[in-house]
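**Student:** Handing you a structure now.
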Amino acid sequence: MNIGGSGFAALFYKELLRFWRVAFQTVAAPVLTALLYLLIFSHVLEADRQVYGVPYTSFLVPGLVMMAVLQNAFANSSSSLIQSKVTGSILFVLLPPISYAAFFWAFVAAAAIRGLVVGLGVWLVTLPFVPVAPLQPWWVLLFALLGGAILGALGVIAGIWADKFDQLAAFQNFLVLPLTMLSGVFYSIHSLPTFWQAVSHYNPVFYMIDGFRHGFFGISDVAPEQSLAVVAACFAGLALLTLALLKRGWKLRT
């Protein structure tokens with residue numbers, strides 16, 4: 001499963017260029033959306049409200065940053081694959097002697113980078129309104145990278161499974177969007193009833209958000225080591241599943 005060589009580099013470069021050439025749509029638009037979330041929620045819910053002793057708007061920023069990372073990482077890999085399948089250009093990716101591992105890592109790495117670029121943009125535009133800096137930047141970077149990689153891998157699976165755009169939209173609207181929106185982006189799970197707190201612990205995105213937020217404030221709903229273990233296990237499981245699908249050529253080589 002060697003991922004080195006020109007095949008990986010060429011595919012990775014292609015995926016980077018793909019989103020960067022339309023950066024106004026793939027980077028600027030989600031940054032603006034996150035900023036609007038911040039302005040609306042801070043206006044409606046601030047009122048001296050605090051979470052963990054942190055002002056609500058400050059608490060909100062890491063959640064919005066991580067949500068942007070995750071959603072855009074998924075969008076990058078999934079949209080690239082479905083477009084290639086619908087237009088038939090997937091053949092030009094499959095015909096060269098690129099290993100399935102190189103294929104996987106090129107798509108996932110590019111997705112994670114798009115997520116990081118958008119997340120960094122969200123954080124930078126919020127600084128004039130809410131100057132929040134990470135206390136433990138290594139936790140922030142680690143969870144952002146792993147979270148972007150997980151959603152990038154999930155995007156590859158969605159792109160392989162979907163045969164048309166509406167199927168991909170259903171995957172995103174009924175799985176990815178609920179998982180990210182109900183993961184503690186806008187609230188601490190300790191504010192939920194006991195039953196829903198328990199349900200939240202079965203949402204892997206919760207651990208990504210919680211660990212990422214820990215890097216900013218040094219406080220979280222669960223220990224960051226536990227969140228890291230869950231997130232790493234999720235990535236390992238998704239990576240193995242995606243590699244198995246790619247190796248079989250399921251819904252790609254027909």
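Starting from 1 in every chain, residues are counted up; chains themselves are A, B, ... following the order of the structure tokens, and ligands are numbered from 1 as listed.
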Select from range 118-191 of chain A everything DSSP, run on the backbone, classes as helix (DSSP H, G or I), then give the selection as a PyMOL selection string.

**Tutor:** chain A and resi 118-126+137-161+165-181+189-191

**Student:** Write out as CSV a residue-level contact list of range 82-174 of chain A versus range 53-62 of chain A with cut-off 9 Å: for each qualifying residue the closest pair of atoms and the distance in Å to one decimal, counting only C-alpha atoms, rows sorted by chain and residue number upward.

**Tutor:**
residue,atom,partner,partner_atom,distance
A:Val122,CA,A:Val61,CA,8.6
A:Trp123,CA,A:Val61,CA,7.2
A:Thr126,CA,A:Val61,CA,7.4
A:Val130,CA,A:Ser58,CA,6.2
A:Pro131,CA,A:Ser58,CA,7.8
A:Val132,CA,A:Ser58,CA,6.3

**Student:** Generate a file of the selected residues that holds C-alpha atoms, formatted as a CSV table (one decimal), in the first residue's frame.

**Tutor:**
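This went into part00.csv:
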chain,number,residue,atom,x,y,z
A,122,VAL,CA,-13.5,31.5,9.9
A,123,TRP,CA,-11.3,32.0,12.9
A,126,THR,CA,-14.2,36.3,13.9
A,130,VAL,CA,-14.5,37.9,19.4
A,131,PRO,CA,-10.8,37.8,19.9
A,132,VAL,CA,-10.4,34.1,21.0

**Student:** Compile the contact shell of Phe212 in chain A as a PDB file with N, CA and C atoms, in the first residue's frame: residues with an atom at most 9 Å away, counting only C-alpha atoms, same-chain residues fewer than 6 positions apart removed.

**Tutor:**
ATOM      1  N   PRO A  62     -15.008  28.308  18.556  1.00  0.00           N
ATOM      2  CA  PRO A  62     -14.384  27.034  18.171  1.00  0.00           C
ATOM      3  C   PRO A  62     -15.359  26.054  17.531  1.00  0.00           C
ATOM      4  N   GLY A  63     -16.606  26.046  17.993  1.00  0.00           N
ATOM      5  CA  GLY A  63     -17.595  25.156  17.390  1.00  0.00           C
ATOM      6  C   GLY A  63     -17.857  25.507  15.937  1.00  0.00           C
ATOM      7  N   MET A  66     -14.756  24.481  13.818  1.00  0.00           N
ATOM      8  CA  MET A  66     -14.663  23.044  13.578  1.00  0.00           C
ATOM      9  C   MET A  66     -15.796  22.564  12.671  1.00  0.00           C
ATOM     10  N   TRP A 139      -3.571  20.705  20.481  1.00  0.00           N
ATOM     11  CA  TRP A 139      -4.864  20.016  20.523  1.00  0.00           C
ATOM     12  C   TRP A 139      -5.747  20.505  19.379  1.00  0.00           C
ATOM     13  N   VAL A 140      -5.740  21.812  19.152  1.00  0.00           N
ATOM     14  CA  VAL A 140      -6.557  22.392  18.087  1.00  0.00           C
ATOM     15  C   VAL A 140      -6.169  21.808  16.730  1.00  0.00           C
ATOM     16  N   LEU A 141      -4.872  21.810  16.433  1.00  0.00           N
ATOM     17  CA  LEU A 141      -4.411  21.313  15.139  1.00  0.00           C
ATOM     18  C   LEU A 141      -4.673  19.816  14.992  1.00  0.00           C
ATOM     19  N   LEU A 142      -4.448  19.062  16.059  1.00  0.00           N
ATOM     20  CA  LEU A 142      -4.630  17.615  15.997  1.00  0.00           C
ATOM     21  C   LEU A 142      -6.078  17.240  15.708  1.00  0.00           C
ATOM     22  N   PHE A 143      -7.010  17.857  16.433  1.00  0.00           N
ATOM     23  CA  PHE A 143      -8.425  17.532  16.214  1.00  0.00           C
ATOM     24  C   PHE A 143      -8.918  18.059  14.869  1.00  0.00           C
ATOM     25  N   ALA A 144      -8.389  19.207  14.425  1.00  0.00           N
ATOM     26  CA  ALA A 144      -8.786  19.720  13.116  1.00  0.00           C
ATOM     27  C   ALA A 144      -8.317  18.793  12.001  1.00  0.00           C
ATOM     28  N   PRO A 224      -9.936  15.287  26.998  1.00  0.00           N
ATOM     29  CA  PRO A 224      -9.465  15.325  25.607  1.00  0.00           C
ATOM     30  C   PRO A 224      -8.814  14.021  25.166  1.00  0.00           C
TER      31      PRO A 224
END

**Student:** May I ask for the distance between CA of Phe216 in chain A and CA of Gln136 in chain A, given in Å to one decimal place?

**Tutor:**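 Result for CA of Phe216 in chain A versus CA of Gln136 in chain A: 6.2 Å, one decimal.
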
**Student:** What does the distance between CA of Trp161 in chain A and CA of Val86 in chain A come to in Å, to one decimal place?

**Tutor:** 12.4 Å

**Student:** Name the closest residue to Ala149 in chain A among the candidates A:Ala111, A:Arg213, A:Gln83, A:Leu192; distances are taken between atoms, counting only C-alpha atoms.

**Tutor:** A:Ala111

**Student:** With only C-alpha atoms as the counted atoms, please give the residues lying no more than 8 Å from Asn76 in chain A, apart from itself and same-chain residues fewer than 3 positions off, as number ranges by chain.

**Tutor:** A: 19, 72-73, 79-80, 110-111, 114, 152, 155

**Student:** Would you kindly return, as a ChimeraX atom specification, each protein, DNA or RNA residue with an atom no farther than 10 Å from any atom of Val222 in chain A, considering only C-alpha atoms and excluding same-chain residues fewer than 6 positions away?

**Tutor:** /A:201,206-207,210-211,214

**Student:** For the selection you just gave me, I'd like the residues written to a file as a PDB file, in the first residue's frame, keeping C-alpha atoms.

**Tutor:**
ATOM      1  CA  HIS A 201     -21.946  10.454  23.479  1.00  0.00           C
ATOM      2  CA  PHE A 206     -19.269  15.501  19.447  1.00  0.00           C
ATOM      3  CA  TYR A 207     -15.789  14.287  20.418  1.00  0.00           C
ATOM      4  CA  ASP A 210     -15.294  18.905  22.298  1.00  0.00           C
ATOM      5  CA  GLY A 211     -11.610  18.094  21.864  1.00  0.00           C
ATOM      6  CA  HIS A 214     -10.569  22.071  24.733  1.00  0.00           C
TER       7      HIS A 214
END

**Student:** Could you give me, as JSON, numbers by chain, the residues within 9 Å of Val69 in chain A, counting only C-alpha atoms and dropping anything in the same chain fewer than 2 positions from it?

**Tutor:** {"A": [64, 65, 66, 67, 71, 72, 73, 74, 112, 113, 114, 115, 116, 117, 118, 119, 120, 144, 145, 147, 148, 151]}

**Student:** Go ahead and save the picked residues with C-alpha atoms, as a CSV table (one decimal), in the first residue's frame.

**Tutor:**
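Heads up, here's the output in again.csv:
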chain,number,residue,atom,x,y,z
A,64,LEU,CA,-18.2,27.2,14.3
A,65,VAL,CA,-14.6,26.8,13.2
A,66,MET,CA,-14.7,23.0,13.6
A,67,MET,CA,-18.1,22.7,11.9
A,71,GLN,CA,-18.5,20.2,6.4
A,72,ASN,CA,-16.0,21.5,3.9
A,73,ALA,CA,-13.8,18.5,4.1
A,74,PHE,CA,-16.8,16.3,3.4
A,112,ALA,CA,-8.5,18.0,5.1
A,113,ILE,CA,-6.5,20.9,3.7
A,114,ARG,CA,-9.7,22.6,2.3
A,115,GLY,CA,-11.3,22.1,5.8
A,116,LEU,CA,-8.3,23.7,7.5
A,117,VAL,CA,-8.2,26.6,5.0
A,118,VAL,CA,-11.9,27.3,5.6
A,119,GLY,CA,-11.6,26.8,9.4
A,120,LEU,CA,-8.6,29.2,9.5
A,144,ALA,CA,-8.8,19.7,13.1
A,145,LEU,CA,-6.6,17.4,11.1
A,147,GLY,CA,-11.7,15.7,11.9
A,148,GLY,CA,-11.0,16.9,8.4
A,151,LEU,CA,-15.1,13.7,7.0

**Student:** Which residues are near Gly7 in chain A? Cut-off 9 Å, only C-alpha atoms, ignore same chain within fewer than 3 positions. Put them as an MDAnalysis selection string.

**Tutor:** chainID A and resid 3:4 10:12 96:99 102:103

**Student:** If you take only C-alpha atoms and a cut-off of 10 Å, which residues of range 25-121 of chain A touch range 245-251 of chain A, and what are their nearest atom pairs and distances in Å to one decimal, in chain and number order, as CSV?

**Tutor:**
residue,atom,partner,partner_atom,distance
A:Lys85,CA,A:Lys251,CA,9.5
A:Leu94,CA,A:Gly249,CA,9.5
A:Ser99,CA,A:Lys247,CA,8.6
A:Tyr100,CA,A:Leu246,CA,5.8
A:Ala101,CA,A:Leu246,CA,8.2
A:Phe103,CA,A:Leu246,CA,8.3
A:Phe104,CA,A:Leu246,CA,7.8

**Student:** Please return, as a count of residues only, all residues of range 36-178 of chain A that DSSP assigns to strand (DSSP E or B) on the basis of the backbone.

**Tutor:** 4
